[in-house]
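**Student:** Structure file target.cif, mmCIF, C-alpha atoms, is pasted below:
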data_my_file
loop_
_atom_site.group_PDB
_atom_site.id
_atom_site.type_symbol
_atom_site.label_atom_id
_atom_site.label_comp_id
_atom_site.auth_asym_id
_atom_site.auth_seq_id
_atom_site.Cartn_x
_atom_site.Cartn_y
_atom_site.Cartn_z
ATOM 1 C CA MET A 1463 254.581 149.630 -25.911
ATOM 2 C CA ALA A 1464 252.669 151.640 -28.455
ATOM 3 C CA ASP A 1465 254.459 152.349 -31.713
ATOM 4 C CA ARG A 1466 253.822 156.101 -31.494
ATOM 5 C CA ALA A 1467 254.140 158.703 -28.782
ATOM 6 C CA PRO A 1468 250.949 159.018 -26.694
ATOM 7 C CA LEU A 1469 250.049 162.437 -28.140
ATOM 8 C CA LEU A 1470 250.544 161.392 -31.775
ATOM 9 C CA ARG A 1471 247.886 158.699 -32.081
ATOM 10 C CA THR A 1472 244.451 158.878 -33.624
ATOM 11 C CA GLY A 1473 242.742 158.377 -30.257
ATOM 12 C CA VAL A 1474 244.156 161.774 -29.263
ATOM 13 C CA LEU A 1475 244.453 163.603 -32.588
ATOM 14 C CA LEU A 1476 240.866 162.996 -33.728
ATOM 15 C CA PRO A 1477 239.304 164.289 -30.471
ATOM 16 C CA LEU A 1478 241.763 167.205 -30.592
ATOM 17 C CA PHE A 1479 240.476 168.027 -34.082
ATOM 18 C CA PHE A 1480 236.888 167.855 -32.767
ATOM 19 C CA LEU A 1481 237.911 170.132 -29.887
ATOM 20 C CA ILE A 1482 239.141 172.746 -32.364
ATOM 21 C CA VAL A 1483 236.014 172.420 -34.533
ATOM 22 C CA THR A 1484 233.766 172.691 -31.458
ATOM 23 C CA THR A 1485 235.583 175.824 -30.326
ATOM 24 C CA VAL A 1486 235.113 177.450 -33.740
ATOM 25 C CA TYR A 1487 231.448 176.351 -33.683
ATOM 26 C CA LEU A 1488 230.970 177.856 -30.215
ATOM 27 C CA ALA A 1489 232.605 181.133 -31.247
ATOM 28 C CA ALA A 1490 230.282 181.314 -34.268
ATOM 29 C CA ALA A 1491 227.260 180.546 -32.065
ATOM 30 C CA PHE A 1492 227.956 183.642 -29.969
ATOM 31 C CA ASP A 1493 227.612 185.762 -33.122
ATOM 32 C CA ILE A 1494 224.008 184.605 -33.701
ATOM 33 C CA ARG A 1495 221.590 187.409 -32.898
ATOM 34 C CA SER A 1496 217.824 187.366 -32.515
ATOM 35 C CA GLN A 1497 215.473 190.272 -33.063
ATOM 36 C CA PHE A 1498 212.821 188.913 -30.743
ATOM 37 C CA ALA A 1499 214.557 187.247 -27.777
ATOM 38 C CA GLY A 1500 215.387 189.401 -24.805
ATOM 39 C CA ALA A 1501 218.373 189.071 -22.507
ATOM 40 C CA GLY A 1502 218.337 185.741 -20.684
ATOM 41 C CA GLU A 1503 215.638 184.201 -22.924
ATOM 42 C CA MET A 1504 216.005 181.226 -25.218
ATOM 43 C CA SER A 1505 217.255 182.375 -28.588
ATOM 44 C CA PRO A 1506 218.546 180.768 -31.798
ATOM 45 C CA ARG A 1507 222.016 180.610 -30.276
ATOM 46 C CA SER A 1508 220.998 178.773 -27.079
ATOM 47 C CA VAL A 1509 220.958 175.253 -28.550
ATOM 48 C CA PRO A 1510 224.297 175.566 -30.424
ATOM 49 C CA ILE A 1511 225.941 176.811 -27.233
ATOM 50 C CA LEU A 1512 224.411 173.945 -25.250
ATOM 51 C CA MET A 1513 225.540 171.417 -27.879
ATOM 52 C CA ALA A 1514 229.093 172.806 -27.811
ATOM 53 C CA CYS A 1515 229.191 172.523 -24.011
ATOM 54 C CA LEU A 1516 227.953 168.925 -24.207
ATOM 55 C CA MET A 1517 230.622 168.230 -26.830
ATOM 56 C CA TYR A 1518 233.297 169.601 -24.470
ATOM 57 C CA VAL A 1519 232.115 167.218 -21.751
ATOM 58 C CA ALA A 1520 232.103 164.272 -24.175
ATOM 59 C CA LEU A 1521 235.583 165.151 -25.420
ATOM 60 C CA ALA A 1522 236.855 165.360 -21.846
ATOM 61 C CA VAL A 1523 235.564 161.835 -21.238
ATOM 62 C CA VAL A 1524 237.269 160.629 -24.435
ATOM 63 C CA PHE A 1525 240.582 162.258 -23.509
ATOM 64 C CA ILE A 1526 240.522 160.798 -19.991
ATOM 65 C CA ALA A 1527 239.721 157.317 -21.304
ATOM 66 C CA GLU A 1528 242.392 157.571 -23.985
ATOM 67 C CA PHE A 1529 245.143 158.552 -21.579
ATOM 68 C CA ARG A 1530 244.161 155.883 -19.064
ATOM 69 C CA SER A 1531 244.563 153.033 -21.556
ATOM 70 C CA PRO A 1532 247.266 153.564 -24.179
ATOM 71 C CA THR A 1533 246.731 151.832 -27.504
ATOM 72 C CA GLN A 1534 248.661 148.751 -28.574
ATOM 73 C CA ASP A 1535 247.369 148.874 -32.164
ATOM 74 C CA GLY A 1536 249.456 149.789 -35.172
ATOM 75 C CA PRO A 1537 248.849 152.946 -37.206
ATOM 76 C CA VAL A 1538 246.723 151.249 -39.904
ATOM 77 C CA ARG A 1539 244.367 149.569 -37.434
ATOM 78 C CA GLU A 1540 244.131 152.778 -35.446
ATOM 79 C CA LEU A 1541 242.832 154.668 -38.488
ATOM 80 C CA LEU A 1542 240.150 152.088 -39.328
ATOM 81 C CA ARG A 1543 237.385 153.504 -37.111
ATOM 82 C CA PRO A 1544 237.791 157.134 -38.225
ATOM 83 C CA LEU A 1545 237.770 155.988 -41.855
ATOM 84 C CA LEU A 1546 234.632 153.908 -41.273
ATOM 85 C CA VAL A 1547 232.947 156.908 -39.632
ATOM 86 C CA ILE A 1548 233.807 159.033 -42.676
ATOM 87 C CA VAL A 1549 232.386 156.378 -45.032
ATOM 88 C CA ALA A 1550 229.230 156.044 -42.901
ATOM 89 C CA THR A 1551 228.792 159.825 -42.856
ATOM 90 C CA ALA A 1552 229.226 160.059 -46.632
ATOM 91 C CA GLY A 1553 226.640 157.302 -47.049
ATOM 92 C CA TYR A 1554 224.266 159.120 -44.713
ATOM 93 C CA ILE A 1555 224.606 162.326 -46.707
ATOM 94 C CA ALA A 1556 224.009 160.464 -49.971
ATOM 95 C CA LEU A 1557 220.979 158.538 -48.634
ATOM 96 C CA PHE A 1558 219.371 161.280 -46.548
ATOM 97 C CA ARG A 1559 217.145 162.717 -49.269
ATOM 98 C CA PRO A 1560 216.218 159.472 -51.112
ATOM 99 C CA LEU A 1561 215.499 157.428 -47.964
ATOM 100 C CA GLY A 1562 214.175 160.247 -45.820
ATOM 101 C CA TYR A 1563 215.186 161.235 -42.324
ATOM 102 C CA TRP A 1564 213.885 158.221 -40.394
ATOM 103 C CA LEU A 1565 215.401 155.386 -42.402
ATOM 104 C CA ALA A 1566 218.676 157.150 -43.280
ATOM 105 C CA THR A 1567 219.272 158.263 -39.691
ATOM 106 C CA LEU A 1568 218.373 154.862 -38.256
ATOM 107 C CA VAL A 1569 220.835 153.163 -40.631
ATOM 108 C CA PHE A 1570 223.523 155.785 -39.893
ATOM 109 C CA THR A 1571 223.060 155.508 -36.129
ATOM 110 C CA SER A 1572 223.172 151.712 -36.332
ATOM 111 C CA ALA A 1573 226.345 151.890 -38.438
ATOM 112 C CA LEU A 1574 228.023 154.153 -35.882
ATOM 113 C CA PHE A 1575 226.976 151.860 -33.040
ATOM 114 C CA ALA A 1576 228.409 148.889 -34.943
ATOM 115 C CA ILE A 1577 231.680 150.715 -35.706
ATOM 116 C CA PHE A 1578 232.161 151.435 -32.005
ATOM 117 C CA HIS A 1579 230.882 147.984 -30.917
ATOM 118 C CA PHE A 1580 228.047 149.486 -28.873
ATOM 119 C CA GLN A 1581 225.638 146.845 -27.514
ATOM 120 C CA LEU A 1582 226.371 144.405 -30.369
ATOM 121 C CA ARG A 1583 225.790 141.386 -28.137
ATOM 122 C CA ARG A 1584 222.370 142.672 -27.062
ATOM 123 C CA PRO A 1585 220.355 143.290 -30.251
ATOM 124 C CA LEU A 1586 217.192 144.503 -28.515
ATOM 125 C CA ILE A 1587 219.109 147.107 -26.525
ATOM 126 C CA PHE A 1588 221.035 148.031 -29.703
ATOM 127 C CA ALA A 1589 217.747 148.552 -31.594
ATOM 128 C CA PHE A 1590 216.207 150.485 -28.702
ATOM 129 C CA TYR A 1591 219.122 152.935 -28.525
ATOM 130 C CA ALA A 1592 219.267 153.353 -32.321
ATOM 131 C CA ILE A 1593 215.544 154.172 -32.449
ATOM 132 C CA ALA A 1594 215.795 156.427 -29.383
ATOM 133 C CA VAL A 1595 218.669 158.457 -30.862
ATOM 134 C CA THR A 1596 216.833 158.776 -34.172
ATOM 135 C CA ALA A 1597 213.642 159.921 -32.415
ATOM 136 C CA LEU A 1598 215.548 162.313 -30.129
ATOM 137 C CA PHE A 1599 217.175 164.107 -33.035
ATOM 138 C CA TYR A 1600 213.883 164.163 -34.944
ATOM 139 C CA GLY A 1601 212.295 165.854 -31.941
ATOM 140 C CA LEU A 1602 215.166 168.310 -31.745
ATOM 141 C CA PHE A 1603 215.168 169.331 -35.399
ATOM 142 C CA ALA A 1604 211.509 168.940 -36.392
ATOM 143 C CA GLY A 1605 209.916 169.784 -33.049
ATOM 144 C CA ILE A 1606 212.167 172.413 -31.515
ATOM 145 C CA PHE A 1607 213.814 173.978 -34.579
ATOM 146 C CA GLY A 1608 210.845 173.467 -36.923
ATOM 147 C CA VAL A 1609 213.015 171.993 -39.701
ATOM 148 C CA ARG A 1610 211.105 170.079 -42.391
ATOM 149 C CA LEU A 1611 212.917 166.766 -42.735
ATOM 150 C CA PRO A 1612 212.574 164.595 -45.841
ATOM 151 C CA THR A 1613 210.457 161.454 -45.703
ATOM 152 C CA LEU A 1614 210.777 158.200 -47.646
ATOM 153 C CA THR A 1615 207.734 159.029 -49.752
ATOM 154 C CA ALA A 1616 209.144 162.489 -50.610
ATOM 155 C CA GLY A 1617 212.262 160.863 -52.059
ATOM 156 C CA VAL A 1618 210.280 158.244 -54.026
ATOM 157 C CA PHE A 1619 207.559 160.468 -55.529
#
What would you get if you wrote out this structure as structure tokens?
**Tutor:**
Amino acid sequence: MADRAPLLRTGVLLPLFFLIVTTVYLAAAFDIRSQFAGAGEMSPRSVPILMACLMYVALAVVFIAEFRSPTQDGPVRELLRPLLVIVATAGYIALFRPLGYWLATLVFTSALFAIFHFQLRRPLIFAFYAIAVTALFYGLFAGIFGVRLPTLTAGVF
């Protein structure tokens, strides 16, 4: 039996926090206006709304999985992954400008995969997914949004 009630464990509380943040994010996305996009056209608010909807789907999957298999871990072990994610995110923020987008994001993605034990026994698949995620987000931000992302040489020189 778990040492806490099913609703008061990190596997539920952390996704619940993300649900609240996503809802606030979605509400803010509806306030974004564009001078040039007409009704029904892609506008600056289209991608944030899409991302929020995808986040809702992902959170639904997490909630279903969490309630299907209750945790047997104690409270300290249960907090380890969220704490590691926070540390990895802080490291990513600190290294983003000096290392540039590609290297910092690849290291961050790999760290997250390792924290959640994703494809650890298959290093080629692990590397493929880490590179694919990094490239996907580069395409999203640099290609679609036109954001200039830092490079390794920009941080060195």
**Student:** Taking the file above as input, evaluate the PyMOL selection byres ((chain A and resi 1513-1526) around 9) and report the hits as a PyMOL selection string.
**Tutor:** chain A and resi 1473-1474+1477-1478+1480-1481+1484-1485+1487-1488+1508-1512+1527-1531
**Student:** Would you please work out which residue, of A:Phe1570, A:Phe1558, A:Tyr1600, A:Phe1479, is nearest to A:Leu1614 when using only C-alpha atoms?
**Tutor:** A:Phe1558
**Student:** For the structure shown, which residues end up in the PyMOL selection byres ((chain A and resi 1612) around 8)? Put them as a list of chain:residue names, please?
**Tutor:**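 With the shown file as input, the PyMOL selection byres ((chain A and resi 1612) around 8) matches A:Phe1558, A:Arg1559, A:Gly1562, A:Tyr1563, A:Arg1610, A:Leu1611, A:Thr1613, A:Leu1614, A:Ala1616, A:Gly1617.
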**Student:** When you look at A:Ala1592 with a cut-off of 9 Å (counting only C-alpha atoms), what residues show up, excluding the ones that are within fewer than 6 positions of it in the same chain? I need them as a list in words.
**Tutor:**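 Selected residues are Thr1567, Leu1568, Val1569, Thr1571, Ser1572 and Phe1575 of chain A.
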**Student:** Which one is closest to A:Val1547: A:Ala1566, A:Val1483, A:Ala1573, A:Leu1561? Count all atoms listed in the file.
**Tutor:**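 The closest residue to A:Val1547 is A:Ala1573.
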**Student:** Just the number, please: distance in Å from atom CA of A:Pro1544 to atom CA of A:Leu1476, one decimal.
**Tutor:** 8.0 Å
**Student:** Taking the file above as input, evaluate the PyMOL selection byres ((chain A and resi 1591) around 10) and report the hits as a ChimeraX atom specification.
**Tutor:** /A:1568,1571-1572,1575,1580-1581,1585-1590,1592-1597
**Student:** One number please: atom CA of A:Leu1475 to atom CA of A:Leu1546, in Å, one decimal.
**Tutor:**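 Spanning atom CA of A:Leu1475 to atom CA of A:Leu1546 is a straight-line distance of 16.3 Å.
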**Student:** If I take atom CA of A:Ile1606 and atom CA of A:Ala1556, how far is one from the other in Å, to one decimal?
**Tutor:**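 According to the coordinates, atom CA of A:Ile1606 and atom CA of A:Ala1556 are separated by 25.0 Å.
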**Student:** Just checking: using all atoms listed in the file, which residue out of A:Ala1550, A:Gly1601, A:Ile1577, A:Arg1584 ends up closest to A:Trp1564?
**Tutor:**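 Among the listed residues, A:Gly1601 lies closest to A:Trp1564.
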**Student:** Go ahead and fit an axis-aligned box to every listed atom of stretch 1547-1553 of chain A plus 3 Å each side, and pass me the centre and edge lengths in Å, one decimal, as lines of an AutoDock Vina configuration file.
**Tutor:**
center_x = 230.2
center_y = 158.1
center_z = -43.3
size_x = 13.2
size_y = 10.0
size_z = 13.4
**Student:** Which of these residues is nearest to A:Leu1545, using all atoms listed in the file: A:Val1609, A:Leu1574, A:Ile1482, A:Leu1582?
**Tutor:**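 The shortest atom-to-atom distance to A:Leu1545 comes from A:Leu1574.
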